[in-house]
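Student: Quick one: the structure is below, questions incoming.
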Amino acid sequence: MLPEFELLMPRTLPEALEMLAQRAPDVMPIAGGTNVIPDLRGGRYRPACLVNVASLPELRGIRQEDGFLVIGGSVTMAEVLEDPIVAQFAPVLQEAAKMLASPLVRNRATVAGNLANASPAADMAPPLLALDAEVELASRESIRRVPLKDFFVHVRQTVRQPQELVTAIRFPLPPPGSRARFFKVALRKADAIAVVNGTVRVDLTENGRCQAARIALGAVAPTPLRAYEAEHVLESQPLTPKDIAEAARLAGEATRTIDDIRGSAAYRRMVTEVMVRRTLGEIAYGEGEN
Amino acid sequence: MEPRLITLNINGRSHQVALKSNVTLLRALRDLGYTDVKNGCEKGDCGACAVLLNGRAVNSCLVLAWQADGAEIVTAAGLGTVDHPHPIQEALADSGGVQCGFCIPGIVIAAKALLDRNPHPTEEEIREAISGNLCRCTGYALIVEGIRRVAESRES
């Protein structure tokens, strides 16, 4: 049995933002409910009011806009998996969505919710960090865009204020030489929370030099993070085995792991290094190397 | 909290029901007599409560009933009955994929959602499609076999 709460059912975004403003701070948006409902049941939070944002027309759809890919605030994992624009420009998002929870959950869970829930292990966080995504936060008063790298504050905490709603996630379309891969280590293949997850992205020039690198990691610190020092080792260089090994070592060093039911701190750190090295190797030399 | 009158279209039948805001779709369905929808974990881990919501397979324990107001809902019993089973239900029974049976309504829904989108899935795709459905009896082998048989019989 769920605790009692007031449930508001706005039909438009302005209506929803008005409701959030009036009920803040004791209010929570709900869309797919795949985190909110278990958390209500488990007593993690107990807001007096929920605002249903699952069917707001303004939050629907994935589109291309001025060199950006924009994912609406109510877009589900299933929609990401089926979308041809995502397949063309950011297949790494589909790699991650495919490994998130189960098909039953993916038909409800939203990208915005995966970020706003701020689990350290959120599967959408590393690929979106690697894509330099921004989170669009709207309130009755204003709209602001926060780089995803500044969005997460701590475990289950973000910069989102109670009256704000994640209305979209957007990122610049990667250049043609950009390659990105998602990895996830979990206790089983499906419907599992990551022990470590991450995304490695390198933008290569025509002669194979690395113009820009992104290494984003999850489940290894209180928030998803970027391994900046590891990225710097790769930038402006060809991808040599030596640099790849050094970047992987620095990625392991960037972690602040803990022991928990899914893995030890030492294992997480070691597996981070291995997975970053392996994934960089796959990007540089193709599948099956390393 | 005041109940609100909503419409649930279940297996082709329209129900007007007054429900409080904290009632899940799972609870609403079972209270209306659709007890083929099973209450397993109530947190989206087991898939026993799966239904089709506007054509997509979802865990009904993670949907608030008000969110399903006006939606088309299909449960396993809406696909077929003991007298007139759906081919998926028949194949699961014939293959020996049903032991205690508790997970089967959810598996039937997951399989239906798969075959509607992908009539000829690989074994990997079948396993993926039911990866949110826990079965503690069978080890899945005969369930996968049953779903594979449906896909195969459709080829002929």
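By convention here, the chains of the structure tokens are called A, B, ... in the order presented, each chain's residues are numbered starting at 1, and ligands are numbered starting at 1 in the order presented.
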For chain B versus chain A, which residues have an atom no more than 10 Å away, and what is each residue's nearest atom pair and distance in Å rounded to one decimal, using only C-alpha atoms, chain-then-number order, as a tab-separated table?
Tutor:
residue	atom	partner	partner_atom	distance
B:Met1	CA	A:Glu6	CA	6.5
B:Glu2	CA	A:Glu6	CA	8.8
B:Lys20	CA	A:Glu4	CA	8.6
B:Ser21	CA	A:Leu7	CA	5.8
B:Asn22	CA	A:Glu4	CA	5.8
B:Val23	CA	A:Leu2	CA	7.3
B:Thr24	CA	A:Leu2	CA	8.3
B:Arg27	CA	A:Met1	CA	9.0
B:Glu42	CA	A:Pro38	CA	7.6
B:Lys43	CA	A:Pro38	CA	5.2
B:Gly44	CA	A:Val105	CA	7.0
B:Asp45	CA	A:Asp191	CA	7.6
B:Cys46	CA	A:Asp191	CA	9.6
B:Gly47	CA	A:Leu104	CA	7.3
B:Ala50	CA	A:Leu104	CA	7.4
B:Val51	CA	A:Leu104	CA	9.3
B:Leu52	CA	A:Leu104	CA	9.7
B:Leu53	CA	A:Asn107	CA	9.5
B:Arg56	CA	A:Asn107	CA	6.6
B:Ala57	CA	A:Leu104	CA	5.6
B:Val58	CA	A:Leu104	CA	4.6
B:Asn59	CA	A:Leu104	CA	6.0
B:Ser60	CA	A:Leu104	CA	9.5
B:Cys61	CA	A:Ile37	CA	8.3
B:Leu62	CA	A:Gly33	CA	5.7
B:Val63	CA	A:Gly33	CA	6.5
B:Leu64	CA	A:Gly33	CA	8.1
B:Trp66	CA	A:Met9	CA	8.4
B:Gln67	CA	A:Asn52	CA	7.6
B:Gly106	CA	A:Leu104	CA	9.9
B:Ile109	CA	A:Leu104	CA	9.9
B:Ala110	CA	A:Leu104	CA	7.7
B:Ala113	CA	A:Pro103	CA	9.8
B:Leu114	CA	A:Pro103	CA	9.6
B:Arg127	CA	A:Ala190	CA	9.5
B:Glu128	CA	A:Ala190	CA	7.6
B:Ala129	CA	A:Pro103	CA	6.3
B:Ile130	CA	A:Pro103	CA	7.7
B:Ser131	CA	A:Ser102	CA	5.9
B:Gly132	CA	A:Ser102	CA	4.7
B:Asn133	CA	A:Ser102	CA	8.5
Student: Write the residues of the preceding selection, restricted to N, CA and C atoms, as a compact mmCIF listing (two decimals), in the first residue's frame.
Tutor:
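Writing done, so here's out_18.txt:
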# COMPACT_ATOMS: atom_id res chain seq x y z
N MET B 1 -7.67 12.12 1.00
CA MET B 1 -7.62 12.40 -0.44
C MET B 1 -8.92 11.90 -1.10
N GLU B 2 -9.49 12.74 -1.91
CA GLU B 2 -10.77 12.42 -2.55
C GLU B 2 -10.57 11.42 -3.69
N LYS B 20 -8.79 6.38 -5.28
CA LYS B 20 -7.93 7.37 -4.63
C LYS B 20 -6.61 7.46 -5.40
N SER B 21 -5.90 8.56 -5.16
CA SER B 21 -4.70 8.86 -5.95
C SER B 21 -3.58 7.85 -5.73
N ASN B 22 -3.56 7.18 -4.58
CA ASN B 22 -2.43 6.30 -4.29
C ASN B 22 -2.70 4.83 -4.67
N VAL B 23 -3.73 4.61 -5.46
CA VAL B 23 -4.01 3.24 -5.92
C VAL B 23 -3.23 2.97 -7.20
N THR B 24 -2.47 1.88 -7.20
CA THR B 24 -1.72 1.54 -8.41
C THR B 24 -2.64 0.84 -9.40
N ARG B 27 -3.32 -2.74 -8.31
CA ARG B 27 -4.35 -2.88 -7.27
C ARG B 27 -5.75 -2.69 -7.89
N GLU B 42 5.92 -5.82 -6.21
CA GLU B 42 5.45 -4.42 -6.11
C GLU B 42 6.56 -3.40 -6.19
N LYS B 43 7.66 -3.73 -6.87
CA LYS B 43 8.66 -2.69 -7.12
C LYS B 43 9.31 -2.80 -8.50
N GLY B 44 8.64 -3.50 -9.39
CA GLY B 44 9.12 -3.49 -10.78
C GLY B 44 10.25 -4.46 -11.05
N ASP B 45 10.50 -5.39 -10.13
CA ASP B 45 11.61 -6.33 -10.32
C ASP B 45 11.18 -7.66 -10.93
N CYS B 46 9.90 -8.05 -10.78
CA CYS B 46 9.55 -9.44 -11.09
C CYS B 46 8.69 -9.62 -12.33
N GLY B 47 7.96 -8.59 -12.76
CA GLY B 47 7.19 -8.69 -14.00
C GLY B 47 5.90 -9.49 -13.91
N ALA B 50 2.76 -7.65 -15.18
CA ALA B 50 2.84 -6.99 -16.49
C ALA B 50 1.50 -6.98 -17.22
N VAL B 51 1.20 -5.86 -17.82
CA VAL B 51 0.03 -5.72 -18.70
C VAL B 51 0.47 -4.90 -19.91
N LEU B 52 -0.35 -4.94 -20.95
CA LEU B 52 -0.11 -4.02 -22.07
C LEU B 52 -0.86 -2.73 -21.77
N LEU B 53 -0.12 -1.62 -21.79
CA LEU B 53 -0.71 -0.30 -21.57
C LEU B 53 -0.53 0.45 -22.88
N ARG B 56 2.12 -1.24 -24.97
CA ARG B 56 3.46 -1.48 -24.44
C ARG B 56 3.38 -2.27 -23.13
N ALA B 57 4.28 -3.23 -22.98
CA ALA B 57 4.29 -4.04 -21.76
C ALA B 57 4.92 -3.24 -20.62
N VAL B 58 4.18 -3.14 -19.53
CA VAL B 58 4.68 -2.38 -18.37
C VAL B 58 4.36 -3.14 -17.09
N ASN B 59 5.08 -2.80 -16.02
CA ASN B 59 4.76 -3.32 -14.70
C ASN B 59 3.59 -2.50 -14.15
N SER B 60 2.43 -3.12 -13.95
CA SER B 60 1.28 -2.32 -13.50
C SER B 60 1.44 -1.84 -12.07
N CYS B 61 2.37 -2.42 -11.31
CA CYS B 61 2.62 -1.96 -9.94
C CYS B 61 3.32 -0.61 -9.92
N LEU B 62 3.90 -0.19 -11.06
CA LEU B 62 4.63 1.08 -11.12
C LEU B 62 3.83 2.16 -11.84
N VAL B 63 2.56 1.89 -12.11
CA VAL B 63 1.70 2.88 -12.76
C VAL B 63 0.62 3.26 -11.75
N LEU B 64 0.41 4.55 -11.57
CA LEU B 64 -0.72 4.99 -10.75
C LEU B 64 -1.98 4.87 -11.60
N TRP B 66 -4.60 6.57 -11.85
CA TRP B 66 -5.01 7.82 -12.51
C TRP B 66 -4.21 8.06 -13.79
N GLN B 67 -2.95 7.58 -13.79
CA GLN B 67 -2.12 7.76 -15.00
C GLN B 67 -2.63 6.91 -16.16
N GLY B 106 2.49 -12.65 -16.75
CA GLY B 106 3.46 -11.61 -17.09
C GLY B 106 4.32 -12.00 -18.27
N ILE B 109 2.40 -11.63 -21.49
CA ILE B 109 2.32 -10.23 -21.90
C ILE B 109 3.66 -9.78 -22.52
N ALA B 110 4.76 -10.14 -21.88
CA ALA B 110 6.08 -9.76 -22.41
C ALA B 110 6.30 -10.39 -23.78
N ALA B 113 4.16 -8.60 -26.42
CA ALA B 113 4.76 -7.31 -26.79
C ALA B 113 5.94 -7.54 -27.73
N LEU B 114 6.73 -8.58 -27.46
CA LEU B 114 7.87 -8.89 -28.33
C LEU B 114 7.40 -9.26 -29.73
N ARG B 127 15.05 -14.04 -24.89
CA ARG B 127 15.56 -13.95 -23.51
C ARG B 127 15.58 -12.50 -23.03
N GLU B 128 15.99 -11.62 -23.91
CA GLU B 128 16.00 -10.18 -23.59
C GLU B 128 14.58 -9.70 -23.25
N ALA B 129 13.60 -10.13 -24.06
CA ALA B 129 12.22 -9.64 -23.89
C ALA B 129 11.62 -10.06 -22.56
N ILE B 130 12.03 -11.22 -22.04
CA ILE B 130 11.47 -11.68 -20.76
C ILE B 130 12.45 -11.47 -19.60
N SER B 131 13.44 -10.59 -19.84
CA SER B 131 14.47 -10.42 -18.80
C SER B 131 13.94 -9.65 -17.58
N GLY B 132 12.77 -9.04 -17.70
CA GLY B 132 12.17 -8.40 -16.53
C GLY B 132 11.13 -9.26 -15.86
N ASN B 133 11.05 -10.52 -16.24
CA ASN B 133 10.07 -11.46 -15.68
C ASN B 133 10.79 -12.58 -14.95
Student: Which polymer residues have any atom within 12 Å of an atom of Ala116 (chain A), counting only C-alpha atoms, with same-chain residues fewer than 6 positions away left out, as an NGL selection string?
Tutor: :A and (28-31 or 35-36 or 73 or 109-110 or 122 or 124-125 or 135-137 or 148 or 151-162 or 164-169 or 223)
Student: Could the residues in this selection be written to a file with C-alpha atoms, as a PDB file, in the first residue's frame?
Tutor:
ATOM      1  CA  MET A  28       7.634  15.648  -6.468  1.00  0.00           C
ATOM      2  CA  PRO A  29       7.155  15.294 -10.229  1.00  0.00           C
ATOM      3  CA  ILE A  30       6.256  11.782 -11.408  1.00  0.00           C
ATOM      4  CA  ALA A  31       6.433  10.447 -14.973  1.00  0.00           C
ATOM      5  CA  ASN A  35      11.877   5.094  -9.181  1.00  0.00           C
ATOM      6  CA  VAL A  36       9.256   7.287  -7.503  1.00  0.00           C
ATOM      7  CA  GLY A  73      11.490  15.420 -20.508  1.00  0.00           C
ATOM      8  CA  ALA A 109      11.340   4.951 -17.281  1.00  0.00           C
ATOM      9  CA  THR A 110      12.333   8.344 -18.668  1.00  0.00           C
ATOM     10  CA  ALA A 122      22.308   5.770 -13.292  1.00  0.00           C
ATOM     11  CA  MET A 124      22.089   7.293 -18.690  1.00  0.00           C
ATOM     12  CA  ALA A 125      24.527   9.523 -16.803  1.00  0.00           C
ATOM     13  CA  VAL A 135      19.796  19.600 -18.421  1.00  0.00           C
ATOM     14  CA  GLU A 136      17.002  22.095 -19.061  1.00  0.00           C
ATOM     15  CA  LEU A 137      15.263  23.062 -15.820  1.00  0.00           C
ATOM     16  CA  LEU A 148      25.204  17.680 -16.668  1.00  0.00           C
ATOM     17  CA  PHE A 151      23.896  18.810 -12.201  1.00  0.00           C
ATOM     18  CA  PHE A 152      24.719  16.087  -9.681  1.00  0.00           C
ATOM     19  CA  VAL A 153      25.513  17.223  -6.136  1.00  0.00           C
ATOM     20  CA  HIS A 154      25.622  14.040  -4.075  1.00  0.00           C
ATOM     21  CA  VAL A 155      23.934  10.636  -3.846  1.00  0.00           C
ATOM     22  CA  ARG A 156      20.293  11.313  -4.867  1.00  0.00           C
ATOM     23  CA  GLN A 157      20.882  15.075  -4.853  1.00  0.00           C
ATOM     24  CA  THR A 158      20.940  17.423  -7.809  1.00  0.00           C
ATOM     25  CA  VAL A 159      20.813  21.189  -8.314  1.00  0.00           C
ATOM     26  CA  ARG A 160      17.132  20.866  -9.301  1.00  0.00           C
ATOM     27  CA  GLN A 161      14.932  22.889  -6.959  1.00  0.00           C
ATOM     28  CA  PRO A 162      11.584  21.419  -5.847  1.00  0.00           C
ATOM     29  CA  GLU A 164      11.745  22.990 -11.100  1.00  0.00           C
ATOM     30  CA  LEU A 165      11.076  20.331 -13.714  1.00  0.00           C
ATOM     31  CA  VAL A 166      13.547  18.675 -16.102  1.00  0.00           C
ATOM     32  CA  THR A 167      11.894  19.642 -19.384  1.00  0.00           C
ATOM     33  CA  ALA A 168      14.633  18.428 -21.739  1.00  0.00           C
ATOM     34  CA  ILE A 169      18.130  17.052 -22.077  1.00  0.00           C
ATOM     35  CA  THR A 223      27.830  11.050  -8.228  1.00  0.00           C
TER      36      THR A 223
END
Student: Could you pull out the strand (DSSP E or B) residues of region 53-228 of chain A, going by DSSP on the backbone, and write them as an mmCIF file with N, CA and C atoms, in the first residue's frame?
Tutor:
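Once written, selection_11.cif looks like this:
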data_model
loop_
_atom_site.group_PDB
_atom_site.id
_atom_site.type_symbol
_atom_site.label_atom_id
_atom_site.label_comp_id
_atom_site.auth_asym_id
_atom_site.auth_seq_id
_atom_site.Cartn_x
_atom_site.Cartn_y
_atom_site.Cartn_z
ATOM 1 N N ILE A 62 11.844 13.442 -29.502
ATOM 2 C CA ILE A 62 13.281 13.663 -29.675
ATOM 3 C C ILE A 62 13.436 14.449 -30.960
ATOM 4 N N ARG A 63 14.205 15.533 -30.942
ATOM 5 C CA ARG A 63 14.335 16.327 -32.166
ATOM 6 C C ARG A 63 15.742 16.905 -32.297
ATOM 7 N N GLN A 64 16.044 17.317 -33.537
ATOM 8 C CA GLN A 64 17.283 17.985 -33.844
ATOM 9 C C GLN A 64 16.988 19.467 -33.891
ATOM 10 N N GLU A 65 17.840 20.287 -33.286
ATOM 11 C CA GLU A 65 17.545 21.717 -33.216
ATOM 12 C C GLU A 65 18.854 22.483 -33.143
ATOM 13 N N PHE A 68 21.903 20.715 -32.127
ATOM 14 C CA PHE A 68 21.744 19.953 -30.879
ATOM 15 C C PHE A 68 20.736 18.821 -31.074
ATOM 16 N N LEU A 69 20.895 17.770 -30.295
ATOM 17 C CA LEU A 69 19.861 16.756 -30.192
ATOM 18 C C LEU A 69 19.139 16.999 -28.872
ATOM 19 N N VAL A 70 17.819 17.101 -28.955
ATOM 20 C CA VAL A 70 17.030 17.460 -27.778
ATOM 21 C C VAL A 70 16.096 16.300 -27.434
ATOM 22 N N ILE A 71 16.214 15.814 -26.218
ATOM 23 C CA ILE A 71 15.376 14.710 -25.733
ATOM 24 C C ILE A 71 14.371 15.288 -24.750
ATOM 25 N N GLY A 72 13.105 15.196 -25.075
ATOM 26 C CA GLY A 72 12.055 15.771 -24.231
ATOM 27 C C GLY A 72 12.003 15.119 -22.858
ATOM 28 N N THR A 76 10.886 8.132 -23.004
ATOM 29 C CA THR A 76 11.254 6.907 -22.281
ATOM 30 C C THR A 76 12.490 6.248 -22.901
ATOM 31 N N THR A 110 11.925 7.252 -17.790
ATOM 32 C CA THR A 110 12.333 8.344 -18.668
ATOM 33 C C THR A 110 13.810 8.680 -18.472
ATOM 34 N N GLU A 134 23.412 18.970 -21.504
ATOM 35 C CA GLU A 134 22.893 19.956 -20.558
ATOM 36 C C GLU A 134 21.494 19.533 -20.150
ATOM 37 N N VAL A 135 21.134 19.888 -18.926
ATOM 38 C CA VAL A 135 19.796 19.600 -18.421
ATOM 39 C C VAL A 135 19.012 20.907 -18.427
ATOM 40 N N GLU A 136 17.848 20.891 -19.051
ATOM 41 C CA GLU A 136 17.002 22.095 -19.061
ATOM 42 C C GLU A 136 16.033 22.016 -17.889
ATOM 43 N N LEU A 137 16.109 23.015 -17.013
ATOM 44 C CA LEU A 137 15.263 23.062 -15.820
ATOM 45 C C LEU A 137 14.323 24.253 -15.944
ATOM 46 N N ALA A 138 13.040 23.976 -15.909
ATOM 47 C CA ALA A 138 12.058 25.057 -16.028
ATOM 48 C C ALA A 138 11.291 25.201 -14.724
ATOM 49 N N ILE A 143 13.716 29.611 -17.069
ATOM 50 C CA ILE A 143 14.299 28.388 -17.623
ATOM 51 C C ILE A 143 15.805 28.535 -17.533
ATOM 52 N N ARG A 144 16.473 27.486 -17.054
ATOM 53 C CA ARG A 144 17.935 27.526 -17.045
ATOM 54 C C ARG A 144 18.468 26.211 -17.580
ATOM 55 N N ARG A 145 19.697 26.284 -18.111
ATOM 56 C CA ARG A 145 20.351 25.071 -18.595
ATOM 57 C C ARG A 145 21.601 24.830 -17.772
ATOM 58 N N VAL A 146 21.686 23.634 -17.220
ATOM 59 C CA VAL A 146 22.817 23.282 -16.369
ATOM 60 C C VAL A 146 23.613 22.183 -17.061
ATOM 61 N N PRO A 147 24.929 22.379 -17.250
ATOM 62 C CA PRO A 147 25.738 21.273 -17.791
ATOM 63 C C PRO A 147 25.566 20.052 -16.884
ATOM 64 N N PHE A 152 24.746 16.990 -10.837
ATOM 65 C CA PHE A 152 24.719 16.087 -9.681
ATOM 66 C C PHE A 152 25.476 16.705 -8.514
ATOM 67 N N VAL A 153 24.891 16.633 -7.318
ATOM 68 C CA VAL A 153 25.513 17.223 -6.136
ATOM 69 C C VAL A 153 26.043 16.131 -5.211
ATOM 70 N N HIS A 154 25.234 15.121 -4.972
ATOM 71 C CA HIS A 154 25.622 14.040 -4.075
ATOM 72 C C HIS A 154 24.706 12.860 -4.396
ATOM 73 N N GLN A 157 21.069 13.620 -4.945
ATOM 74 C CA GLN A 157 20.882 15.075 -4.853
ATOM 75 C C GLN A 157 21.365 15.736 -6.130
ATOM 76 N N THR A 158 20.542 16.643 -6.636
ATOM 77 C CA THR A 158 20.940 17.423 -7.809
ATOM 78 C C THR A 158 20.692 18.899 -7.519
ATOM 79 N N LEU A 165 11.322 21.578 -13.000
ATOM 80 C CA LEU A 165 11.076 20.331 -13.714
ATOM 81 C C LEU A 165 12.136 20.173 -14.798
ATOM 82 N N VAL A 166 12.640 18.944 -14.971
ATOM 83 C CA VAL A 166 13.547 18.675 -16.102
ATOM 84 C C VAL A 166 12.673 18.583 -17.350
ATOM 85 N N THR A 167 12.758 19.604 -18.201
ATOM 86 C CA THR A 167 11.894 19.642 -19.384
ATOM 87 C C THR A 167 12.573 19.057 -20.611
ATOM 88 N N ALA A 168 13.908 19.013 -20.609
ATOM 89 C CA ALA A 168 14.633 18.428 -21.739
ATOM 90 C C ALA A 168 16.074 18.159 -21.359
ATOM 91 N N ILE A 169 16.693 17.281 -22.151
ATOM 92 C CA ILE A 169 18.130 17.052 -22.077
ATOM 93 C C ILE A 169 18.647 17.317 -23.479
ATOM 94 N N ARG A 170 19.720 18.088 -23.607
ATOM 95 C CA ARG A 170 20.211 18.413 -24.949
ATOM 96 C C ARG A 170 21.724 18.305 -25.004
ATOM 97 N N PHE A 171 22.216 17.954 -26.174
ATOM 98 C CA PHE A 171 23.679 17.900 -26.337
ATOM 99 C C PHE A 171 24.028 18.207 -27.783
ATOM 100 N N PRO A 172 25.229 18.795 -28.009
ATOM 101 C CA PRO A 172 25.632 19.101 -29.387
ATOM 102 C C PRO A 172 25.823 17.813 -30.177
ATOM 103 N N SER A 178 33.622 11.190 -34.261
ATOM 104 C CA SER A 178 33.435 10.889 -32.848
ATOM 105 C C SER A 178 33.019 9.436 -32.661
ATOM 106 N N ARG A 179 33.680 8.763 -31.722
ATOM 107 C CA ARG A 179 33.302 7.377 -31.406
ATOM 108 C C ARG A 179 33.114 7.242 -29.912
ATOM 109 N N ALA A 180 32.027 6.609 -29.526
ATOM 110 C CA ALA A 180 31.753 6.452 -28.098
ATOM 111 C C ALA A 180 31.215 5.058 -27.830
ATOM 112 N N ARG A 181 31.610 4.512 -26.704
ATOM 113 C CA ARG A 181 31.126 3.186 -26.288
ATOM 114 C C ARG A 181 30.725 3.233 -24.816
ATOM 115 N N PHE A 182 29.636 2.524 -24.522
ATOM 116 C CA PHE A 182 29.174 2.384 -23.136
ATOM 117 C C PHE A 182 29.631 1.037 -22.603
ATOM 118 N N PHE A 183 29.993 0.980 -21.340
ATOM 119 C CA PHE A 183 30.236 -0.332 -20.724
ATOM 120 C C PHE A 183 29.520 -0.409 -19.392
ATOM 121 N N LYS A 184 29.173 -1.619 -19.025
ATOM 122 C CA LYS A 184 28.502 -1.829 -17.735
ATOM 123 C C LYS A 184 28.919 -3.180 -17.184
ATOM 124 N N VAL A 185 29.383 -3.171 -15.965
ATOM 125 C CA VAL A 185 29.684 -4.419 -15.258
ATOM 126 C C VAL A 185 28.618 -4.548 -14.178
ATOM 127 N N ALA A 186 27.902 -5.661 -14.184
ATOM 128 C CA ALA A 186 26.862 -5.876 -13.177
ATOM 129 C C ALA A 186 26.862 -7.342 -12.793
ATOM 130 N N ALA A 194 24.355 -1.305 -11.907
ATOM 131 C CA ALA A 194 25.767 -1.382 -12.268
ATOM 132 C C ALA A 194 26.660 -1.483 -11.035
ATOM 133 N N VAL A 195 27.677 -2.345 -11.130
ATOM 134 C CA VAL A 195 28.782 -2.323 -10.174
ATOM 135 C C VAL A 195 29.710 -1.173 -10.586
ATOM 136 N N VAL A 196 29.935 -1.096 -11.890
ATOM 137 C CA VAL A 196 30.635 0.028 -12.516
ATOM 138 C C VAL A 196 30.001 0.205 -13.889
ATOM 139 N N ASN A 197 29.750 1.446 -14.284
ATOM 140 C CA ASN A 197 29.378 1.698 -15.676
ATOM 141 C C ASN A 197 30.167 2.900 -16.174
ATOM 142 N N GLY A 198 30.155 3.094 -17.460
ATOM 143 C CA GLY A 198 30.928 4.220 -17.967
ATOM 144 C C GLY A 198 30.797 4.386 -19.457
ATOM 145 N N THR A 199 31.297 5.500 -19.916
ATOM 146 C CA THR A 199 31.325 5.766 -21.350
ATOM 147 C C THR A 199 32.663 6.396 -21.707
ATOM 148 N N VAL A 200 33.257 5.870 -22.767
ATOM 149 C CA VAL A 200 34.483 6.437 -23.303
ATOM 150 C C VAL A 200 34.167 7.006 -24.671
ATOM 151 N N ARG A 201 34.559 8.257 -24.877
ATOM 152 C CA ARG A 201 34.324 8.893 -26.174
ATOM 153 C C ARG A 201 35.623 9.534 -26.644
ATOM 154 N N VAL A 202 35.965 9.306 -27.885
ATOM 155 C CA VAL A 202 37.093 10.031 -28.483
ATOM 156 C C VAL A 202 36.655 10.586 -29.822
ATOM 157 N N ASP A 203 36.995 11.837 -30.072
ATOM 158 C CA ASP A 203 36.737 12.462 -31.366
ATOM 159 C C ASP A 203 38.052 12.434 -32.131
ATOM 160 N N LEU A 204 38.067 11.657 -33.226
ATOM 161 C CA LEU A 204 39.310 11.442 -33.964
ATOM 162 C C LEU A 204 39.354 12.324 -35.211
ATOM 163 N N ARG A 209 44.282 11.155 -34.978
ATOM 164 C CA ARG A 209 44.669 11.843 -33.757
ATOM 165 C C ARG A 209 43.409 12.141 -32.937
ATOM 166 N N CYS A 210 43.579 12.136 -31.629
ATOM 167 C CA CYS A 210 42.427 12.369 -30.757
ATOM 168 C C CYS A 210 42.278 13.864 -30.489
ATOM 169 N N GLN A 211 41.175 14.422 -30.982
ATOM 170 C CA GLN A 211 40.957 15.862 -30.795
ATOM 171 C C GLN A 211 40.401 16.156 -29.411
ATOM 172 N N ALA A 212 39.465 15.300 -29.012
ATOM 173 C CA ALA A 212 38.824 15.501 -27.717
ATOM 174 C C ALA A 212 38.488 14.136 -27.144
ATOM 175 N N ALA A 213 38.603 14.017 -25.830
ATOM 176 C CA ALA A 213 38.272 12.742 -25.170
ATOM 177 C C ALA A 213 37.355 12.996 -23.993
ATOM 178 N N ARG A 214 36.473 12.048 -23.756
ATOM 179 C CA ARG A 214 35.597 12.103 -22.584
ATOM 180 C C ARG A 214 35.587 10.724 -21.934
ATOM 181 N N ILE A 215 35.841 10.680 -20.658
ATOM 182 C CA ILE A 215 35.732 9.426 -19.914
ATOM 183 C C ILE A 215 34.801 9.693 -18.733
ATOM 184 N N ALA A 216 33.618 9.082 -18.772
ATOM 185 C CA ALA A 216 32.611 9.316 -17.734
ATOM 186 C C ALA A 216 32.319 7.997 -17.037
ATOM 187 N N LEU A 217 32.233 8.055 -15.707
ATOM 188 C CA LEU A 217 32.118 6.830 -14.914
ATOM 189 C C LEU A 217 30.951 6.916 -13.937
ATOM 190 N N GLY A 218 30.314 5.766 -13.706
ATOM 191 C CA GLY A 218 29.225 5.710 -12.739
ATOM 192 C C GLY A 218 29.447 4.613 -11.717
ATOM 193 N N LEU A 225 30.759 10.779 -12.601
ATOM 194 C CA LEU A 225 31.841 11.758 -12.708
ATOM 195 C C LEU A 225 32.599 11.621 -14.017
ATOM 196 N N ARG A 226 33.396 12.658 -14.309
ATOM 197 C CA ARG A 226 34.317 12.587 -15.436
ATOM 198 C C ARG A 226 35.734 12.462 -14.921
#
Student: Near region 246-258 of chain A, counting only C-alpha atoms, which residues have an atom at most 6 Å away, once you skip same-chain residues fewer than 2 positions from it, shown as a ChimeraX atom specification?
Tutor: /A:220-221,227,230,233,243-244,265,269,272-273,276-277
Student: Give me, as a list in words, all polymer residues having an atom no more than 7 Å from Gln99 (chain B), counting only C-alpha atoms and skipping those fewer than 2 positions away in the same chain.
Tutor: Gly97, Gly101, Cys137 and Thr138 of chain B
Student: Mind writing the picked residues with C-alpha atoms as an mmCIF file, in the first residue's frame?
Tutor:
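After the write, part-v2.cif holds the following:
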data_model
loop_
_atom_site.group_PDB
_atom_site.id
_atom_site.type_symbol
_atom_site.label_atom_id
_atom_site.label_comp_id
_atom_site.auth_asym_id
_atom_site.auth_seq_id
_atom_site.Cartn_x
_atom_site.Cartn_y
_atom_site.Cartn_z
ATOM 1 C CA GLY B 97 7.075 -23.967 -19.769
ATOM 2 C CA GLY B 101 2.322 -20.665 -13.200
ATOM 3 C CA CYS B 137 10.608 -22.827 -11.204
ATOM 4 C CA THR B 138 11.720 -23.533 -14.709
#
